[in-house]
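Engineer: My file is protein-v2.txt. It has compact mmCIF, C-alpha atoms:
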```
# COMPACT_ATOMS: atom_id res chain seq x y z
CA MET A 1166 0.00 0.00 0.00
CA LYS A 1167 1.23 3.44 -0.95
CA ALA A 1168 -0.25 6.81 -0.09
CA SER A 1169 0.49 10.10 -1.83
CA VAL A 1170 -0.29 13.77 -1.43
CA PHE A 1171 -0.83 15.97 -4.49
CA THR A 1172 -1.61 19.56 -3.64
CA ALA A 1173 -0.99 23.19 -4.39
CA THR A 1174 0.24 25.61 -1.75
CA SER A 1175 1.05 29.29 -1.59
CA VAL A 1176 4.76 30.11 -1.14
CA ASP A 1177 3.93 30.56 2.55
CA GLY A 1178 2.60 27.01 2.75
CA PHE A 1179 -1.19 27.29 2.79
CA ILE A 1180 -3.54 25.01 0.86
CA ALA A 1181 -6.54 27.29 1.39
CA ARG A 1182 -7.63 30.39 3.28
CA GLU A 1183 -8.99 29.98 6.81
CA ASN A 1184 -12.50 29.61 5.36
CA GLY A 1185 -11.37 26.98 2.86
CA SER A 1186 -11.36 29.33 -0.12
CA VAL A 1187 -8.84 28.82 -2.90
CA ASP A 1188 -9.72 32.05 -4.70
CA TRP A 1189 -5.99 32.89 -4.77
CA LEU A 1190 -5.35 29.85 -7.00
CA PRO A 1191 -5.24 30.89 -10.66
CA THR A 1192 -7.65 28.80 -12.72
CA GLY A 1193 -6.82 27.77 -16.24
CA ASP A 1194 -9.50 27.12 -18.81
CA GLY A 1195 -10.21 25.52 -22.16
CA PRO A 1196 -9.06 22.30 -23.79
CA GLY A 1197 -5.39 21.40 -23.62
CA ARG A 1198 -4.73 23.51 -20.58
CA GLU A 1199 -1.83 22.50 -18.35
CA ASP A 1200 -3.01 20.39 -15.44
CA TYR A 1201 0.42 20.00 -13.76
CA GLY A 1202 0.18 16.22 -13.95
CA TYR A 1203 -3.05 16.10 -11.95
CA GLN A 1204 -5.01 13.77 -14.23
CA ASP A 1205 -2.08 11.35 -14.55
CA PHE A 1206 -1.75 11.35 -10.78
CA LEU A 1207 -5.49 10.82 -10.29
CA ASP A 1208 -5.42 7.94 -12.77
CA SER A 1209 -2.63 6.34 -10.72
CA VAL A 1210 -4.63 6.13 -7.48
CA ASP A 1211 -7.31 3.57 -6.54
CA ALA A 1212 -9.05 5.78 -4.05
CA LEU A 1213 -9.09 9.18 -2.38
CA VAL A 1214 -9.13 9.76 1.36
CA MET A 1215 -10.13 13.26 2.43
CA GLY A 1216 -11.37 15.00 5.54
CA ARG A 1217 -14.86 16.28 6.10
CA ASN A 1218 -13.83 19.89 5.49
CA SER A 1219 -12.30 19.05 2.12
CA TYR A 1220 -15.44 17.14 1.16
CA ASP A 1221 -17.61 20.14 2.00
CA MET A 1222 -15.27 22.38 -0.01
CA VAL A 1223 -15.24 20.06 -3.03
CA ARG A 1224 -19.04 19.89 -2.97
CA SER A 1225 -19.26 23.68 -2.87
CA PHE A 1226 -17.39 23.83 -6.18
CA GLY A 1227 -20.41 22.30 -7.99
CA ALA A 1228 -20.29 19.04 -9.95
CA TRP A 1229 -18.56 16.15 -8.16
CA PRO A 1230 -15.11 16.03 -9.78
CA TYR A 1231 -13.98 12.47 -9.06
CA GLY A 1232 -16.37 10.44 -11.23
CA ASN A 1233 -16.75 6.91 -9.90
CA LYS A 1234 -13.36 6.85 -8.22
CA PRO A 1235 -13.80 5.55 -4.66
CA VAL A 1236 -13.63 8.44 -2.18
CA MET A 1237 -13.54 7.96 1.58
CA ILE A 1238 -14.59 10.91 3.70
CA LEU A 1239 -12.88 10.76 7.09
CA THR A 1240 -15.27 11.96 9.75
CA SER A 1241 -16.11 11.10 13.31
CA GLN A 1242 -19.55 12.70 12.89
CA PRO A 1243 -22.56 11.15 11.13
CA LEU A 1244 -22.46 12.08 7.45
CA SER A 1245 -25.38 11.79 5.10
CA ILE A 1246 -24.15 11.67 1.53
CA PRO A 1247 -26.78 12.97 -0.90
CA THR A 1248 -27.95 10.81 -3.81
CA SER A 1249 -26.45 13.32 -6.25
CA ILE A 1250 -23.02 12.07 -5.18
CA PRO A 1251 -21.76 8.80 -6.74
CA THR A 1252 -22.29 5.71 -4.60
CA THR A 1253 -18.52 5.16 -4.66
CA VAL A 1254 -18.27 7.94 -2.07
CA SER A 1255 -18.53 6.78 1.52
CA ALA A 1256 -17.88 7.99 5.04
CA MET A 1257 -15.23 6.37 7.20
CA SER A 1258 -13.68 6.95 10.59
CA GLY A 1259 -10.63 5.75 12.41
CA SER A 1260 -6.94 6.47 12.80
CA PRO A 1261 -4.73 6.78 9.72
CA HIS A 1262 -3.32 3.31 10.48
CA ALA A 1263 -6.81 1.80 10.77
CA VAL A 1264 -7.92 3.49 7.55
CA VAL A 1265 -4.88 2.26 5.61
CA GLN A 1266 -5.33 -1.24 7.03
CA ALA A 1267 -9.02 -1.35 6.10
CA LEU A 1268 -8.42 -0.05 2.58
CA SER A 1269 -5.45 -2.36 2.09
CA ASN A 1270 -7.71 -5.26 3.08
CA LYS A 1271 -10.10 -4.16 0.34
CA GLY A 1272 -7.28 -4.46 -2.18
CA TYR A 1273 -6.46 -0.79 -2.69
CA GLN A 1274 -2.82 -0.18 -3.56
CA HIS A 1275 -2.40 3.58 -3.97
CA LEU A 1276 -4.31 6.18 -1.96
CA TYR A 1277 -4.58 9.92 -2.63
CA ILE A 1278 -4.63 11.64 0.76
CA ASP A 1279 -6.12 15.13 0.65
CA GLY A 1280 -6.98 17.97 3.01
CA GLY A 1281 -5.00 19.78 5.70
CA LYS A 1282 -5.78 17.84 8.87
CA THR A 1283 -5.96 14.53 7.03
CA VAL A 1284 -2.60 14.98 5.33
CA GLN A 1285 -1.02 16.09 8.62
CA GLY A 1286 -2.41 13.04 10.42
CA PHE A 1287 -1.11 10.64 7.79
CA ILE A 1288 2.34 12.27 7.73
CA ARG A 1289 2.51 12.14 11.54
CA ALA A 1290 1.63 8.44 11.35
CA GLY A 1291 4.43 7.82 8.83
CA LEU A 1292 1.93 6.67 6.21
CA ILE A 1293 2.71 9.00 3.30
CA GLN A 1294 5.29 7.83 0.75
CA THR A 1295 5.16 10.64 -1.82
CA LEU A 1296 4.53 14.38 -1.61
CA ILE A 1297 3.83 16.31 -4.80
CA ILE A 1298 3.57 20.00 -4.01
CA THR A 1299 2.90 22.69 -6.58
CA ILE A 1300 3.96 26.06 -5.20
CA ILE A 1301 1.88 28.99 -6.45
CA PRO A 1302 3.73 32.34 -6.60
CA ILE A 1303 1.77 34.23 -3.95
CA LEU A 1304 1.89 34.89 -0.20
CA ILE A 1305 -1.54 34.80 1.42
CA GLY A 1306 -0.41 35.36 5.01
CA SER A 1307 -2.78 32.98 6.78
CA GLY A 1308 -4.96 29.97 6.07
CA ILE A 1309 -5.01 26.20 6.35
CA PRO A 1310 -1.39 24.99 6.40
CA LEU A 1311 -0.34 21.88 4.50
CA PHE A 1312 2.00 20.79 7.27
CA GLY A 1313 1.61 20.56 11.02
CA ALA A 1314 3.42 19.56 14.17
CA LEU A 1315 5.45 16.36 14.12
CA PRO A 1316 6.75 14.08 16.87
CA HIS A 1317 10.18 14.15 15.17
CA ASP A 1318 11.94 15.32 12.01
CA VAL A 1319 10.86 13.66 8.78
CA PRO A 1320 13.70 13.53 6.26
CA LEU A 1321 12.62 13.70 2.61
CA ARG A 1322 14.30 12.63 -0.59
CA HIS A 1323 13.92 15.14 -3.40
CA LEU A 1324 12.80 13.32 -6.55
CA GLU A 1325 12.28 16.10 -9.07
CA THR A 1326 11.28 19.72 -9.48
CA THR A 1327 9.52 21.19 -12.48
CA PRO A 1328 9.07 24.94 -12.90
CA PHE A 1329 6.15 25.85 -15.18
CA GLU A 1330 5.89 28.81 -17.54
CA ASN A 1331 3.36 30.57 -15.33
CA GLY A 1332 5.62 30.47 -12.28
CA PHE A 1333 4.21 27.39 -10.59
CA VAL A 1334 6.99 25.18 -9.19
CA GLN A 1335 6.19 21.52 -8.64
CA SER A 1336 8.44 19.43 -6.41
CA LYS A 1337 8.16 15.71 -5.72
CA TYR A 1338 9.57 14.23 -2.54
CA ALA A 1339 9.71 10.73 -1.12
CA LEU A 1340 9.25 10.46 2.63
CA LEU A 1341 11.97 8.38 4.16
CA ASP A 1342 10.93 5.62 6.49
CA ILE A 1343 10.77 7.05 9.99
CA ASN A 1344 9.21 3.94 11.55
CA PRO A 1345 11.68 1.28 10.50
CA MET B 496 17.12 51.03 -2.67
CA LYS B 497 16.53 47.32 -2.97
CA ALA B 498 16.14 44.75 -0.19
CA SER B 499 16.47 40.99 -0.57
CA VAL B 500 15.99 37.88 1.50
CA PHE B 501 18.33 34.90 1.09
CA THR B 502 17.49 32.03 3.38
CA ALA B 503 17.07 28.30 3.73
CA THR B 504 13.84 26.76 4.97
CA SER B 505 12.59 23.28 5.69
CA VAL B 506 9.88 22.02 3.32
CA ASP B 507 7.41 23.02 6.03
CA GLY B 508 8.68 26.58 5.95
CA PHE B 509 10.86 27.01 9.04
CA ILE B 510 14.18 28.89 9.09
CA ALA B 511 15.15 27.48 12.49
CA ARG B 512 13.80 25.45 15.39
CA GLU B 513 11.93 27.29 18.16
CA ASN B 514 15.25 27.74 20.02
CA GLY B 515 16.97 29.12 16.91
CA SER B 516 18.88 25.93 16.16
CA VAL B 517 19.63 25.01 12.57
CA ASP B 518 20.99 21.57 13.43
CA TRP B 519 18.67 20.12 10.75
CA LEU B 520 20.56 22.03 8.05
CA PRO B 521 23.18 19.79 6.43
CA THR B 522 26.59 21.45 6.52
CA GLY B 523 29.06 21.05 3.69
CA ASP B 524 32.78 21.35 4.24
CA GLY B 525 36.09 21.78 2.52
CA PRO B 526 37.26 23.93 -0.38
CA GLY B 527 35.08 24.19 -3.46
CA ARG B 528 31.92 23.14 -1.67
CA GLU B 529 28.61 24.30 -3.13
CA ASP B 530 27.40 27.46 -1.41
CA TYR B 531 24.11 27.79 -3.34
CA GLY B 532 25.05 31.25 -4.55
CA TYR B 533 25.46 32.61 -1.03
CA GLN B 534 28.83 34.34 -1.49
CA ASP B 535 27.74 35.95 -4.76
CA PHE B 536 24.60 37.19 -3.05
CA LEU B 537 26.55 38.49 -0.06
CA ASP B 538 28.95 40.29 -2.40
CA SER B 539 25.95 41.99 -4.05
CA VAL B 540 24.67 43.64 -0.88
CA ASP B 541 26.00 46.79 0.84
CA ALA B 542 24.69 45.91 4.27
CA LEU B 543 22.81 43.35 6.33
CA VAL B 544 19.81 44.09 8.50
CA MET B 545 18.96 41.40 11.03
CA GLY B 546 16.97 41.07 14.22
CA ARG B 547 18.41 40.71 17.67
CA ASN B 548 17.63 36.98 17.80
CA SER B 549 19.51 36.34 14.56
CA TYR B 550 22.47 38.34 15.85
CA ASP B 551 22.59 36.23 19.00
CA MET B 552 22.35 33.07 16.91
CA VAL B 553 25.10 34.17 14.49
CA ARG B 554 27.36 35.01 17.45
CA SER B 555 26.75 31.58 18.97
CA PHE B 556 28.19 29.98 15.82
CA GLY B 557 31.65 31.30 16.72
CA ALA B 558 33.70 33.62 14.47
CA TRP B 559 31.77 36.61 13.08
CA PRO B 560 30.99 35.55 9.49
CA TYR B 561 30.37 38.90 7.77
CA GLY B 562 33.87 40.43 7.80
CA ASN B 563 33.68 44.21 7.62
CA LYS B 564 30.35 44.26 5.81
CA PRO B 565 28.06 46.75 7.57
CA VAL B 566 25.51 44.89 9.72
CA MET B 567 22.58 46.62 11.43
CA ILE B 568 21.07 44.79 14.38
CA LEU B 569 17.42 45.79 14.76
CA THR B 570 16.56 46.01 18.42
CA SER B 571 14.45 48.20 20.64
CA GLN B 572 16.56 47.19 23.66
CA PRO B 573 19.99 48.53 24.54
CA LEU B 574 22.64 46.40 22.87
CA SER B 575 26.28 46.37 23.85
CA ILE B 576 28.37 45.04 20.98
CA PRO B 577 31.60 43.48 22.22
CA THR B 578 34.93 44.66 20.88
CA SER B 579 35.52 41.25 19.27
CA ILE B 580 32.83 42.17 16.73
CA PRO B 581 33.88 44.44 13.82
CA THR B 582 33.07 48.11 14.30
CA THR B 583 30.96 47.94 11.14
CA VAL B 584 28.30 46.22 13.24
CA SER B 585 25.85 48.56 14.92
CA ALA B 586 22.47 48.52 16.65
CA MET B 587 19.49 50.30 15.14
CA SER B 588 15.82 50.65 15.91
CA GLY B 589 12.76 51.86 14.07
CA SER B 590 10.12 50.67 11.64
CA PRO B 591 11.17 48.94 8.40
CA HIS B 592 10.33 52.16 6.52
CA ALA B 593 12.45 54.26 8.87
CA VAL B 594 15.34 51.81 8.64
CA VAL B 595 15.26 51.74 4.84
CA GLN B 596 15.06 55.53 4.73
CA ALA B 597 17.99 55.96 7.09
CA LEU B 598 20.15 53.44 5.23
CA SER B 599 19.18 54.89 1.86
CA ASN B 600 20.26 58.31 3.15
CA LYS B 601 23.63 56.78 3.97
CA GLY B 602 23.97 55.69 0.34
CA TYR B 603 23.23 51.98 0.70
CA GLN B 604 21.62 50.47 -2.38
CA HIS B 605 21.06 46.78 -1.65
CA LEU B 606 20.16 45.41 1.77
CA TYR B 607 20.17 41.78 2.92
CA ILE B 608 17.27 41.37 5.32
CA ASP B 609 17.61 38.36 7.61
CA GLY B 610 15.80 36.69 10.49
CA GLY B 611 12.19 35.61 10.97
CA LYS B 612 10.52 38.63 12.56
CA THR B 613 12.66 41.09 10.62
CA VAL B 614 11.88 39.49 7.25
CA GLN B 615 8.18 39.32 8.11
CA GLY B 616 8.12 42.99 9.10
CA PHE B 617 9.83 44.09 5.90
CA ILE B 618 7.53 41.95 3.72
CA ARG B 619 4.47 43.35 5.53
CA ALA B 620 5.78 46.84 4.85
CA GLY B 621 6.20 46.04 1.13
CA LEU B 622 9.94 46.67 1.33
CA ILE B 623 11.35 43.39 -0.01
CA GLN B 624 11.99 43.12 -3.75
CA THR B 625 13.59 39.68 -4.01
CA LEU B 626 13.16 36.42 -2.14
CA ILE B 627 15.72 33.66 -2.61
CA ILE B 628 14.62 30.57 -0.73
CA THR B 629 16.56 27.32 -0.62
CA ILE B 630 14.25 24.51 0.42
CA ILE B 631 15.94 21.74 2.40
CA PRO B 632 14.36 18.27 2.03
CA ILE B 633 13.14 17.78 5.60
CA LEU B 634 10.02 18.42 7.67
CA ILE B 635 10.83 19.68 11.17
CA GLY B 636 7.26 20.19 12.36
CA SER B 637 7.70 23.41 14.29
CA GLY B 638 10.08 26.33 14.60
CA ILE B 639 10.56 29.92 13.50
CA PRO B 640 8.58 30.40 10.29
CA LEU B 641 9.98 32.44 7.42
CA PHE B 642 6.59 33.98 6.68
CA GLY B 643 3.93 35.53 8.85
CA ALA B 644 0.56 37.23 8.73
CA LEU B 645 -0.05 39.82 6.03
CA PRO B 646 -2.57 42.64 5.66
CA HIS B 647 -3.31 41.41 2.11
CA ASP B 648 -2.11 38.92 -0.52
CA VAL B 649 1.36 39.53 -1.91
CA PRO B 650 1.66 38.28 -5.49
CA LEU B 651 5.11 37.06 -6.50
CA ARG B 652 6.81 36.65 -9.84
CA HIS B 653 8.79 33.44 -10.16
CA LEU B 654 12.23 34.23 -11.55
CA GLU B 655 14.02 30.90 -11.51
CA THR B 656 14.31 27.59 -9.71
CA THR B 657 17.46 25.51 -9.39
CA PRO B 658 17.39 21.99 -7.97
CA PHE B 659 20.76 20.88 -6.57
CA GLU B 660 22.24 17.38 -6.58
CA ASN B 661 21.73 16.96 -2.85
CA GLY B 662 17.99 17.70 -3.04
CA PHE B 663 18.07 21.39 -2.11
CA VAL B 664 15.70 23.40 -4.33
CA GLN B 665 16.39 27.11 -4.67
CA SER B 666 13.66 29.40 -5.98
CA LYS B 667 13.94 33.12 -6.67
CA TYR B 668 10.87 35.34 -6.62
CA ALA B 669 10.30 39.03 -7.20
CA LEU B 670 7.70 40.64 -4.96
CA LEU B 671 5.24 42.61 -7.01
CA ASP B 672 4.56 46.14 -5.92
CA ILE B 673 1.65 46.09 -3.49
CA ASN B 674 1.92 49.75 -2.48
CA PRO B 675 1.74 51.43 -5.87
```
Just dump the structure as structure tokens.

Structural biologist:
Amino acid sequence: MKASVFTATSVDGFIARENGSVDWLPTGDGPGREDYGYQDFLDSVDALVMGRNSYDMVRSFGAWPYGNKPVMILTSQPLSIPTSIPTTVSAMSGSPHAVVQALSNKGYQHLYIDGGKTVQGFIRAGLIQTLIITIIPILIGSGIPLFGALPHDVPLRHLETTPFENGFVQSKYALLDINP
Amino acid sequence: MKASVFTATSVDGFIARENGSVDWLPTGDGPGREDYGYQDFLDSVDALVMGRNSYDMVRSFGAWPYGNKPVMILTSQPLSIPTSIPTTVSAMSGSPHAVVQALSNKGYQHLYIDGGKTVQGFIRAGLIQTLIITIIPILIGSGIPLFGALPHDVPLRHLETTPFENGFVQSKYALLDINP
């Protein structure tokens, strides 16, 4: 089982404003637009795991963007998923280890972990293998940070960095095993 | 007058641990070692402006590293600079605008702004033109952040990004004028 993070952040490390807004994220448009490897990444995962806040934010954007890809919403609260959402979307609770174990038992091999608290929890648990961060050239000053407190340093291995024409800089890192 | 920042951060955006330690920063050694453009940058500035905490940290490293380059220590407290420190080092107080004005009046043309609070204050005041950030492949979880709260978004222009063999990734950004 492998778990990856694919996200954009401001240069000061936020994935969204305090209220979840990503209005500072430039949006491309039209056919053939650069997607920074997003679709290829999405195609490489079996399932998404995101927190309740991310789910609410994704829903606020309009049409459900993940098709029939299995999506697990991590929440400790009851969650009623409307019928307009594909039946491949389900609620789940438990620690990152329990979630990975349960999804591994179901045969999933590559998870896309998304959302601030969720990503932080999985990194703290040593359960993320790959970080793909696209840095957007802006400082927003405050918001939801990608990273959080850690019980110890987490060394990374830089895999590659790609600067894009519009100033986005995408770096890929492997997380080294901190729970050997 | 131009002011620049040249600093290393962890992937999670810290310039030092809470106690100022940079023990997580790999140190090279020996002649001909890669300095990530540091000496060229240092040669390009007329003076350094750093906060009191950075000054204390630099002094703790041993020999004073800035030769006879003028260094202004920003502090609102009395500061006695020992005779072992070059006489080109002096204490100064005042807002970022006042500091820039005073140093501009003295004929300085390019300032190196260093230290967490100092950098944040100068960015907030719209007084930084160039950010050169070398991202070290590690998450340290907590520490002194490079960036802080802002009164409004600060758009950046990406100038260039250089990945190094050892996994350091250096990005240069221009800060766009937010006080036109």

Engineer: Please provide as a VMD selection string all residues within 10 Å of His1323 of chain A, with the sequence filter that same-chain residues fewer than 5 positions apart are discarded (counting all atoms listed in the file).

Structural biologist: (chain A and resid 1295 to 1296 1336 to 1340) or (chain B and resid 631 to 633 658 to 664)

Engineer: If you measure from atom CA of Tyr1277 of chain A to atom CA of Trp519 of chain B, what distance in Å do you get, rounded to one decimal?

Structural biologist: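 It comes out at 28.7 Å.
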
Engineer: Neighbours of segment 1168-1182 of chain A within 9 Å (all atoms listed in the file; same-chain residues fewer than 2 positions away dropped), as a PyMOL selection string?

Structural biologist: (chain A and resi 1166+1184-1190+1203+1206+1210+1265+1274-1281+1284+1287+1292-1312+1335) or (chain B and resi 506-508+641-643+651)

Engineer: Once you count all atoms listed in the file, which residues end up no further than 12 Å from (28.5, 37.7, 10.3) in the file's frame, shown as a VMD selection string?

Structural biologist: chain B and resid 537 542 to 545 549 to 568 579 to 581 583 to 584 607 609

Engineer: Rank B:Ser585, B:Pro521, B:Leu569, B:Asp535 by their smallest atom-to-atom distance to chain A, using all atoms listed in the file, and report the top residue only.

Structural biologist: B:Pro521

Engineer: Counting all atoms listed in the file, which residue out of B:Ala593, B:Ile618, B:Leu671, B:Lys612 sits closest to Pro646 of chain B?

Structural biologist: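 Of the candidates, the smallest distance to Pro646 of chain B is held by B:Ile618.
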
Engineer: Quick one: pull the distance between atom CA of Arg619 of chain B and atom CA of Ala644 of chain B, Å, one decimal.

Structural biologist: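 Computed distance, atom CA of Arg619 of chain B to atom CA of Ala644 of chain B, equals 7.9 Å.
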
Engineer: Hey, which of A:Thr1326, A:His1317, A:Ala1256, A:Ser1209 ends up closest to Pro1243 of chain A? Count all atoms listed in the file.

Structural biologist: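 Checking each candidate against Pro1243 of chain A, we get A:Ala1256 as the closest.
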